[in-house]
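Structure file my_file-v6.pdb (PDB, C-alpha atoms and all ligand atoms) follows.
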```pdb
ATOM      1  CA  MET A 230     -19.200  10.391  19.018  1.00  0.00           C
ATOM      2  CA  ASP A 231     -15.496  10.108  18.284  1.00  0.00           C
ATOM      3  CA  THR A 232     -15.052   7.056  15.988  1.00  0.00           C
ATOM      4  CA  PHE A 233     -11.828   6.091  17.740  1.00  0.00           C
ATOM      5  CA  ALA A 234     -12.985   6.649  21.319  1.00  0.00           C
ATOM      6  CA  ILE A 235     -13.132   2.929  22.140  1.00  0.00           C
ATOM      7  CA  THR A 236      -9.483   2.327  21.150  1.00  0.00           C
ATOM      8  CA  LYS A 237      -8.398   2.463  24.761  1.00  0.00           C
ATOM      9  CA  GLN A 238     -10.644  -0.483  25.708  1.00  0.00           C
ATOM     10  CA  THR A 239      -9.314  -3.016  23.172  1.00  0.00           C
ATOM     11  CA  ALA A 240      -5.883  -4.295  22.176  1.00  0.00           C
ATOM     12  CA  VAL A 241      -4.321  -2.028  19.568  1.00  0.00           C
ATOM     13  CA  MET A 242      -2.579  -3.158  16.390  1.00  0.00           C
ATOM     14  CA  ASN A 243       1.012  -4.320  16.612  1.00  0.00           C
ATOM     15  CA  THR A 244       2.509  -1.940  14.033  1.00  0.00           C
ATOM     16  CA  THR A 245       6.292  -2.243  13.770  1.00  0.00           C
ATOM     17  CA  HIS A 246       7.385   0.194  11.047  1.00  0.00           C
ATOM     18  CA  ILE A 247       6.588   1.826   7.711  1.00  0.00           C
ATOM     19  CA  GLU A 248       7.090  -1.027   5.247  1.00  0.00           C
ATOM     20  CA  HIS A 249       7.023   1.169   2.136  1.00  0.00           C
ATOM     21  CA  ILE A 250       5.726   4.306   0.470  1.00  0.00           C
ATOM     22  CA  GLY A 251       3.763   3.625  -2.740  1.00  0.00           C
ATOM     23  CA  ILE A 252       4.034   6.092  -5.615  1.00  0.00           C
ATOM     24  CA  ALA A 253       1.821   5.922  -8.713  1.00  0.00           C
ATOM     25  CA  VAL A 254       3.637   6.559 -11.998  1.00  0.00           C
ATOM     26  CA  ARG A 255       2.582   6.472 -15.632  1.00  0.00           C
ATOM     27  CA  ASN A 256       5.792   4.932 -16.927  1.00  0.00           C
ATOM     28  CA  LEU A 257       7.861   2.631 -14.751  1.00  0.00           C
ATOM     29  CA  SER A 258      11.097   2.709 -16.751  1.00  0.00           C
ATOM     30  CA  GLU A 259      11.117   6.513 -17.036  1.00  0.00           C
ATOM     31  CA  SER A 260      10.508   6.926 -13.322  1.00  0.00           C
ATOM     32  CA  ILE A 261      13.155   4.319 -12.452  1.00  0.00           C
ATOM     33  CA  ARG A 262      15.659   6.478 -14.352  1.00  0.00           C
ATOM     34  CA  PHE A 263      14.867   9.422 -12.062  1.00  0.00           C
ATOM     35  CA  TYR A 264      15.349   7.347  -8.896  1.00  0.00           C
ATOM     36  CA  GLU A 265      18.572   5.780 -10.190  1.00  0.00           C
ATOM     37  CA  GLU A 266      20.230   8.534 -12.225  1.00  0.00           C
ATOM     38  CA  VAL A 267      19.149  11.584 -10.237  1.00  0.00           C
ATOM     39  CA  LEU A 268      18.641  10.274  -6.705  1.00  0.00           C
ATOM     40  CA  GLY A 269      21.353   7.616  -7.005  1.00  0.00           C
ATOM     41  CA  LEU A 270      19.200   4.785  -5.615  1.00  0.00           C
ATOM     42  CA  LYS A 271      19.248   1.244  -6.996  1.00  0.00           C
ATOM     43  CA  CYS A 272      16.170  -0.559  -8.261  1.00  0.00           C
ATOM     44  CA  TYR A 273      16.599  -4.025  -6.703  1.00  0.00           C
ATOM     45  CA  ASN A 274      13.355  -5.674  -7.795  1.00  0.00           C
ATOM     46  CA  ILE A 275      10.666  -5.370 -10.458  1.00  0.00           C
ATOM     47  CA  GLU A 276       7.588  -7.478  -9.932  1.00  0.00           C
ATOM     48  CA  GLU A 277       4.122  -7.733 -11.413  1.00  0.00           C
ATOM     49  CA  VAL A 278       1.239  -8.176  -8.971  1.00  0.00           C
ATOM     50  CA  ALA A 279      -1.539  -9.515 -11.209  1.00  0.00           C
ATOM     51  CA  ASP A 280      -4.097  -9.400  -8.411  1.00  0.00           C
ATOM     52  CA  GLN A 281      -3.605  -5.630  -8.023  1.00  0.00           C
ATOM     53  CA  LYS A 282      -3.144  -4.927 -11.766  1.00  0.00           C
ATOM     54  CA  VAL A 283       0.243  -3.273 -11.218  1.00  0.00           C
ATOM     55  CA  ARG A 284       3.910  -3.628 -12.069  1.00  0.00           C
ATOM     56  CA  THR A 285       6.117  -2.499  -9.217  1.00  0.00           C
ATOM     57  CA  ALA A 286       9.723  -1.366  -8.831  1.00  0.00           C
ATOM     58  CA  PHE A 287      11.471  -1.266  -5.455  1.00  0.00           C
ATOM     59  CA  PHE A 288      14.246   0.883  -4.011  1.00  0.00           C
ATOM     60  CA  MET A 289      15.758   1.245  -0.548  1.00  0.00           C
ATOM     61  CA  ALA A 290      16.557   4.765   0.634  1.00  0.00           C
ATOM     62  CA  GLY A 291      18.376   3.962   3.869  1.00  0.00           C
ATOM     63  CA  GLN A 292      15.842   2.056   5.971  1.00  0.00           C
ATOM     64  CA  THR A 293      12.885   3.218   3.885  1.00  0.00           C
ATOM     65  CA  LYS A 294      11.471   1.225   0.990  1.00  0.00           C
ATOM     66  CA  ILE A 295       9.916   3.002  -1.977  1.00  0.00           C
ATOM     67  CA  GLU A 296       7.531   1.181  -4.321  1.00  0.00           C
ATOM     68  CA  LEU A 297       6.779   2.643  -7.752  1.00  0.00           C
ATOM     69  CA  LEU A 298       3.473   1.480  -9.215  1.00  0.00           C
ATOM     70  CA  GLU A 299       2.573   1.357 -12.904  1.00  0.00           C
ATOM     71  CA  SER A 300      -0.860   0.129 -13.888  1.00  0.00           C
ATOM     72  CA  THR A 301      -1.113  -2.936 -16.123  1.00  0.00           C
ATOM     73  CA  SER A 302      -4.773  -2.350 -16.919  1.00  0.00           C
ATOM     74  CA  ASP A 303      -7.034   0.599 -17.726  1.00  0.00           C
ATOM     75  CA  ASP A 304      -9.477  -0.380 -14.997  1.00  0.00           C
ATOM     76  CA  GLY A 305      -7.041  -1.071 -12.140  1.00  0.00           C
ATOM     77  CA  PRO A 306      -6.873   1.007  -8.923  1.00  0.00           C
ATOM     78  CA  VAL A 307      -3.670   2.757  -9.981  1.00  0.00           C
ATOM     79  CA  ALA A 308      -5.068   3.601 -13.437  1.00  0.00           C
ATOM     80  CA  LYS A 309      -8.107   5.168 -11.740  1.00  0.00           C
ATOM     81  CA  PHE A 310      -5.899   7.096  -9.326  1.00  0.00           C
ATOM     82  CA  LEU A 311      -3.703   8.452 -12.169  1.00  0.00           C
ATOM     83  CA  GLU A 312      -6.749   9.521 -14.127  1.00  0.00           C
ATOM     84  CA  LYS A 313      -8.266  11.344 -11.175  1.00  0.00           C
ATOM     85  CA  LYS A 314      -5.261  12.735  -9.291  1.00  0.00           C
ATOM     86  CA  GLY A 315      -2.241  12.303 -11.570  1.00  0.00           C
ATOM     87  CA  GLU A 316       1.142  10.904 -10.536  1.00  0.00           C
ATOM     88  CA  GLY A 317       2.169  11.052  -6.898  1.00  0.00           C
ATOM     89  CA  VAL A 318       2.076   9.411  -3.492  1.00  0.00           C
ATOM     90  CA  HIS A 319      -0.558   6.693  -3.654  1.00  0.00           C
ATOM     91  CA  HIS A 320      -0.396   4.866  -0.317  1.00  0.00           C
ATOM     92  CA  LEU A 321       1.480   4.333   2.909  1.00  0.00           C
ATOM     93  CA  ALA A 322       2.155   0.752   4.022  1.00  0.00           C
ATOM     94  CA  PHE A 323       2.638  -0.278   7.641  1.00  0.00           C
ATOM     95  CA  ALA A 324       4.154  -3.602   8.694  1.00  0.00           C
ATOM     96  CA  VAL A 325       2.047  -5.271  11.357  1.00  0.00           C
ATOM     97  CA  LYS A 326       2.330  -8.451  13.359  1.00  0.00           C
ATOM     98  CA  GLY A 327      -0.862 -10.490  12.972  1.00  0.00           C
ATOM     99  CA  ILE A 328      -2.511  -8.951   9.898  1.00  0.00           C
ATOM    100  CA  GLU A 329      -5.824 -10.796  10.332  1.00  0.00           C
ATOM    101  CA  GLU A 330      -6.216  -9.576  13.926  1.00  0.00           C
ATOM    102  CA  ALA A 331      -5.134  -6.102  12.791  1.00  0.00           C
ATOM    103  CA  LEU A 332      -7.909  -6.052  10.177  1.00  0.00           C
ATOM    104  CA  ARG A 333     -10.485  -7.226  12.710  1.00  0.00           C
ATOM    105  CA  HIS A 334      -9.312  -4.528  15.088  1.00  0.00           C
ATOM    106  CA  ALA A 335      -9.568  -1.813  12.416  1.00  0.00           C
ATOM    107  CA  GLU A 336     -13.116  -2.923  11.581  1.00  0.00           C
ATOM    108  CA  GLN A 337     -14.102  -2.942  15.233  1.00  0.00           C
ATOM    109  CA  GLN A 338     -12.867   0.639  15.457  1.00  0.00           C
ATOM    110  CA  GLY A 339     -15.173   1.681  12.617  1.00  0.00           C
ATOM    111  CA  VAL A 340     -12.505   1.878   9.915  1.00  0.00           C
ATOM    112  CA  GLN A 341     -13.665   0.952   6.401  1.00  0.00           C
ATOM    113  CA  VAL A 342     -11.658  -2.096   5.442  1.00  0.00           C
ATOM    114  CA  ILE A 343     -11.199  -2.678   1.684  1.00  0.00           C
ATOM    115  CA  ASP A 344      -9.852  -6.235   2.054  1.00  0.00           C
ATOM    116  CA  ARG A 345     -11.487  -8.239   4.832  1.00  0.00           C
ATOM    117  CA  GLN A 346      -8.943 -11.003   4.244  1.00  0.00           C
ATOM    118  CA  PRO A 347      -5.278 -10.417   3.339  1.00  0.00           C
ATOM    119  CA  ARG A 348      -4.279 -10.832  -0.315  1.00  0.00           C
ATOM    120  CA  LYS A 349      -0.929 -11.703  -1.886  1.00  0.00           C
ATOM    121  CA  GLY A 350       1.203  -8.607  -2.524  1.00  0.00           C
ATOM    122  CA  ALA A 351       4.687  -8.069  -3.921  1.00  0.00           C
ATOM    123  CA  GLU A 352       7.836  -9.251  -2.131  1.00  0.00           C
ATOM    124  CA  GLY A 353       6.202 -12.177  -0.351  1.00  0.00           C
ATOM    125  CA  LEU A 354       3.870 -10.051   1.732  1.00  0.00           C
ATOM    126  CA  ASP A 355       0.286 -10.528   2.778  1.00  0.00           C
ATOM    127  CA  ILE A 356      -1.425  -7.199   2.254  1.00  0.00           C
ATOM    128  CA  ALA A 357      -4.755  -5.501   2.986  1.00  0.00           C
ATOM    129  CA  PHE A 358      -5.978  -1.962   2.429  1.00  0.00           C
ATOM    130  CA  LEU A 359      -7.964   0.475   4.572  1.00  0.00           C
ATOM    131  CA  HIS A 360     -10.117   2.996   2.730  1.00  0.00           C
ATOM    132  CA  PRO A 361      -8.678   6.544   2.540  1.00  0.00           C
ATOM    133  CA  LYS A 362     -12.104   7.972   3.400  1.00  0.00           C
ATOM    134  CA  SER A 363     -11.787   6.499   6.890  1.00  0.00           C
ATOM    135  CA  THR A 364      -8.030   7.017   7.359  1.00  0.00           C
ATOM    136  CA  PHE A 365      -7.862  10.801   7.041  1.00  0.00           C
ATOM    137  CA  GLY A 366      -7.216  10.819   3.301  1.00  0.00           C
ATOM    138  CA  VAL A 367      -4.299   8.381   3.125  1.00  0.00           C
ATOM    139  CA  LEU A 368      -4.837   5.005   1.453  1.00  0.00           C
ATOM    140  CA  THR A 369      -3.347   2.782   4.161  1.00  0.00           C
ATOM    141  CA  GLU A 370      -1.906  -0.673   3.541  1.00  0.00           C
ATOM    142  CA  LEU A 371      -1.219  -3.219   6.254  1.00  0.00           C
ATOM    143  CA  CYS A 372       1.353  -5.882   5.446  1.00  0.00           C
ATOM    144  CA  GLU A 373       3.043  -8.874   6.966  1.00  0.00           C
ATOM    145  CA  GLU A 374       5.590 -11.375   5.696  1.00  0.00           C
ATOM    146  CA  ARG A 375       3.740 -14.386   4.404  1.00  0.00           C
ATOM    147  CA  SER A 376       3.915 -17.297   6.790  1.00  0.00           C
ATOM    148  CA  ARG A 377       2.447 -19.945   4.449  1.00  0.00           C
TER     149      ARG A 377
HETATM  150  N1  LIG F   1      -5.372   8.016  -1.821  1.00  0.00           N
HETATM  151  C1  LIG F   1      -6.260   8.917  -1.331  1.00  0.00           C
HETATM  152  N2  LIG F   1      -7.548   9.020  -1.774  1.00  0.00           N
HETATM  153  C2  LIG F   1      -7.903   8.161  -2.757  1.00  0.00           C
HETATM  154  C3  LIG F   1      -7.022   7.204  -3.301  1.00  0.00           C
HETATM  155  C4  LIG F   1      -5.706   7.149  -2.788  1.00  0.00           C
HETATM  156  N3  LIG F   1      -4.822   6.269  -3.253  1.00  0.00           N
HETATM  157  N4  LIG F   1      -7.683   6.504  -4.252  1.00  0.00           N
HETATM  158  C5  LIG F   1      -8.929   7.003  -4.324  1.00  0.00           C
HETATM  159  N5  LIG F   1      -9.053   8.002  -3.421  1.00  0.00           N
HETATM  160  C6  LIG F   1     -10.254   8.808  -3.173  1.00  0.00           C
HETATM  161  C7  LIG F   1     -10.730   9.467  -4.443  1.00  0.00           C
HETATM  162  O1  LIG F   1     -10.100  10.702  -4.660  1.00  0.00           O
HETATM  163  C8  LIG F   1     -12.215   9.615  -4.207  1.00  0.00           C
HETATM  164  O2  LIG F   1     -12.462  10.734  -3.386  1.00  0.00           O
HETATM  165  P1  LIG F   1     -13.697  11.726  -3.705  1.00  0.00           P
HETATM  166  O3  LIG F   1     -14.923  10.867  -3.529  1.00  0.00           O
HETATM  167  O4  LIG F   1     -13.559  12.777  -2.648  1.00  0.00           O
HETATM  168  O5  LIG F   1     -13.482  12.184  -5.090  1.00  0.00           O
HETATM  169  C9  LIG F   1     -12.562   8.361  -3.410  1.00  0.00           C
HETATM  170  O6  LIG F   1     -11.324   7.913  -2.806  1.00  0.00           O
HETATM  171  C10 LIG F   1     -13.120   7.254  -4.276  1.00  0.00           C
HETATM  172  O7  LIG F   1     -12.231   7.108  -5.362  1.00  0.00           O
HETATM  173  P2  LIG F   1     -12.560   6.424  -6.758  1.00  0.00           P
HETATM  174  O8  LIG F   1     -11.662   7.001  -7.785  1.00  0.00           O
HETATM  175  O9  LIG F   1     -14.046   6.414  -7.005  1.00  0.00           O
HETATM  176  O10 LIG F   1     -12.029   5.005  -6.550  1.00  0.00           O
HETATM  177  P3  LIG F   1     -12.715   3.734  -5.968  1.00  0.00           P
HETATM  178  O11 LIG F   1     -13.644   4.039  -4.847  1.00  0.00           O
HETATM  179  O12 LIG F   1     -13.208   2.906  -7.090  1.00  0.00           O
HETATM  180  O13 LIG F   1     -11.392   3.041  -5.361  1.00  0.00           O
HETATM  181  C11 LIG F   1      -9.998   2.530  -3.541  1.00  0.00           C
HETATM  182  C12 LIG F   1     -10.634   3.643  -4.368  1.00  0.00           C
HETATM  183  C13 LIG F   1      -9.062   3.169  -2.538  1.00  0.00           C
HETATM  184  C14 LIG F   1     -11.135   1.745  -2.837  1.00  0.00           C
HETATM  185  C15 LIG F   1      -9.244   1.564  -4.544  1.00  0.00           C
HETATM  186  O14 LIG F   1      -8.243   2.310  -5.203  1.00  0.00           O
HETATM  187  C16 LIG F   1      -8.612   0.396  -3.844  1.00  0.00           C
HETATM  188  O15 LIG F   1      -9.269  -0.616  -3.592  1.00  0.00           O
HETATM  189  N6  LIG F   1      -7.288   0.468  -3.502  1.00  0.00           N
HETATM  190  C17 LIG F   1      -6.608  -0.602  -2.831  1.00  0.00           C
HETATM  191  C18 LIG F   1      -5.852  -1.467  -3.812  1.00  0.00           C
HETATM  192  C19 LIG F   1      -4.734  -0.707  -4.495  1.00  0.00           C
HETATM  193  O16 LIG F   1      -4.652   0.530  -4.460  1.00  0.00           O
HETATM  194  N7  LIG F   1      -3.822  -1.471  -5.163  1.00  0.00           N
HETATM  195  C20 LIG F   1      -2.682  -0.906  -5.853  1.00  0.00           C
HETATM  196  C21 LIG F   1      -1.419  -1.027  -5.046  1.00  0.00           C
HETATM  197  C22 LIG F   1      -1.012  -2.474  -4.903  1.00  0.00           C
HETATM  198  C23 LIG F   1       0.339  -2.726  -4.261  1.00  0.00           C
HETATM  199  O17 LIG F   1       0.903  -1.891  -3.530  1.00  0.00           O
HETATM  200  O18 LIG F   1       0.860  -3.844  -4.498  1.00  0.00           O
END
```
Can I see the file as C-alpha cells?
Amino acid sequence: MDTFAITKQTAVMNTTHIEHIGIAVRNLSESIRFYEEVLGLKCYNIEEVADQKVRTAFFMAGQTKIELLESTSDDGPVAKFLEKKGEGVHHLAFAVKGIEEALRHAEQQGVQVIDRQPRKGAEGLDIAFLHPKSTFGVLTELCEERSR
C-alpha cells in the first residue's frame, strides 16, 4: 500500500517556506571565506548548538537562508555524515506552523520521526528531524519560531 495514501483524509502540515538549507563542512572559517569572498554573501551569525554538537554560520542569499554546519564532536551527527559522505548538502529545513501537530501528522502518515518532541535549534527555533530513509533520501528538518 502507498505509505502516503491516507494523506487526503487528514489535515496536512502547515508548511510556509524553506527556512534554510544545511551544508556540512569540515572547517567553518574556511568555508565562510568561500561564501563571503567568492559568492559575496555576508555571514550574519555564528552560533553553537550544543544539543546538536555543531557550530553554525548563517548567510542570506536573497530570501534563502544557508546554514553551514561544523561538528564540535567526533560522535555528532555531522561528524558521522562527513565521515560517510564527505562535505555537502546535509538537510533541508521547512518552516511550519504548529511543529508539534506537524510531527504528529508525519508520524500518523508513517514517516520515521527522529525527534518526537521539538528541540532547541539555532536562531531561536524549535526544530525536529524526519529520517532521510522515510523522506526519499533527504534529511528533513521542521522548524518554528520558539513561542516560549
Ligand atoms: N542525508 C541523507 N541521508 C543520510 C543523512 C543525511 N544527512 N545522514 C545519514 N544518512 C543516511 C546514511 O547514509 C545511512 O544510509 P545507508 O544505511 O544507506 O548507508 C543511513 O542514513 C544511516 O546513517 P548513519 O550514518 O548510520 O547515521 P545514523 O543512523 O546514526 O544517523 C540520522 C542518521 C539522520 C538519524 C542522524 O544524523 C540524525 O539524527 N540527524 C538529525 C540531527 C542532525 O543532523 N543535527 C545536525 C544539524 C543541526 C542543526 O541544523 O542545527
> How many Å lie between CA of Asp304 (chain A) and CA of Gly366 (chain A), rounded to one decimal?
Replying inline: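 Atom-to-atom, CA of Asp304 (chain A) and CA of Gly366 (chain A) are spaced 21.6 Å apart.
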> Mind pulling up the distance from atom C7 of ligand LIG 1 (chain F) to CA of Glu374 (chain A)?
Replying inline: 28.3 Å
>> When you look at region 258-273 of chain A with a cut-off of 10 Å (counting all atoms listed in the file), what residues show up, excluding the ones that are within fewer than 3 positions of it in the same chain? I need them as an MDAnalysis selection string.
In response: chainID A and resid 253:255 286:291 295:299
> Which residues fall under the PyMOL selection byres (((chain A and resi 324-333) around 6) and not hetatm) in this file, as a list in words?
Replying inline: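 Checked against the file, the PyMOL selection byres (((chain A and resi 324-333) around 6) and not hetatm) matches Met242, Asn243, Thr244, Thr245, His246, Glu248, Phe323, His334, Ala335, Glu336, Leu371, Cys372 and Glu373 of chain A.
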> Given a cut-off of 9 Å, what residues near ligand LIG 1 (chain F) show up using only C-alpha atoms and all ligand atoms, put as a PyMOL selection string?
Replying inline: chain A and resi 249-253+277-278+280-285+296-298+300+305-310+312-314+318-322+343-344+349-351+356-362+365-370
>> Would you compute the distance between CA of Thr293 (chain A) and CA of Val342 (chain A)? Give it in Å to one decimal.
In response: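 Taking CA of Thr293 (chain A) as the start and CA of Val342 (chain A) as the end point, the length is 25.2 Å.
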Quick one: residues within 10 Å of Ser376 (chain A), only C-alpha atoms counted, chain neighbours fewer than 4 positions away excluded, as a PDB file with C-alpha atoms, in the frame of the given file?
```pdb
ATOM      1  CA  GLY A 353       6.202 -12.177  -0.351  1.00  0.00           C
ATOM      2  CA  LEU A 354       3.870 -10.051   1.732  1.00  0.00           C
ATOM      3  CA  ASP A 355       0.286 -10.528   2.778  1.00  0.00           C
TER       4      ASP A 355
END
```
Using all atoms of region 297-303 of chain A listed in the file and a margin of 8 Å per side, can you give the axis-aligned box centre and edge lengths in Å to one decimal, as AutoDock Vina command-line options?
```
--center_x -0.1 --center_y -0.1 --center_z -12.7 --size_x 29.8 --size_y 21.6 --size_z 26.0
```
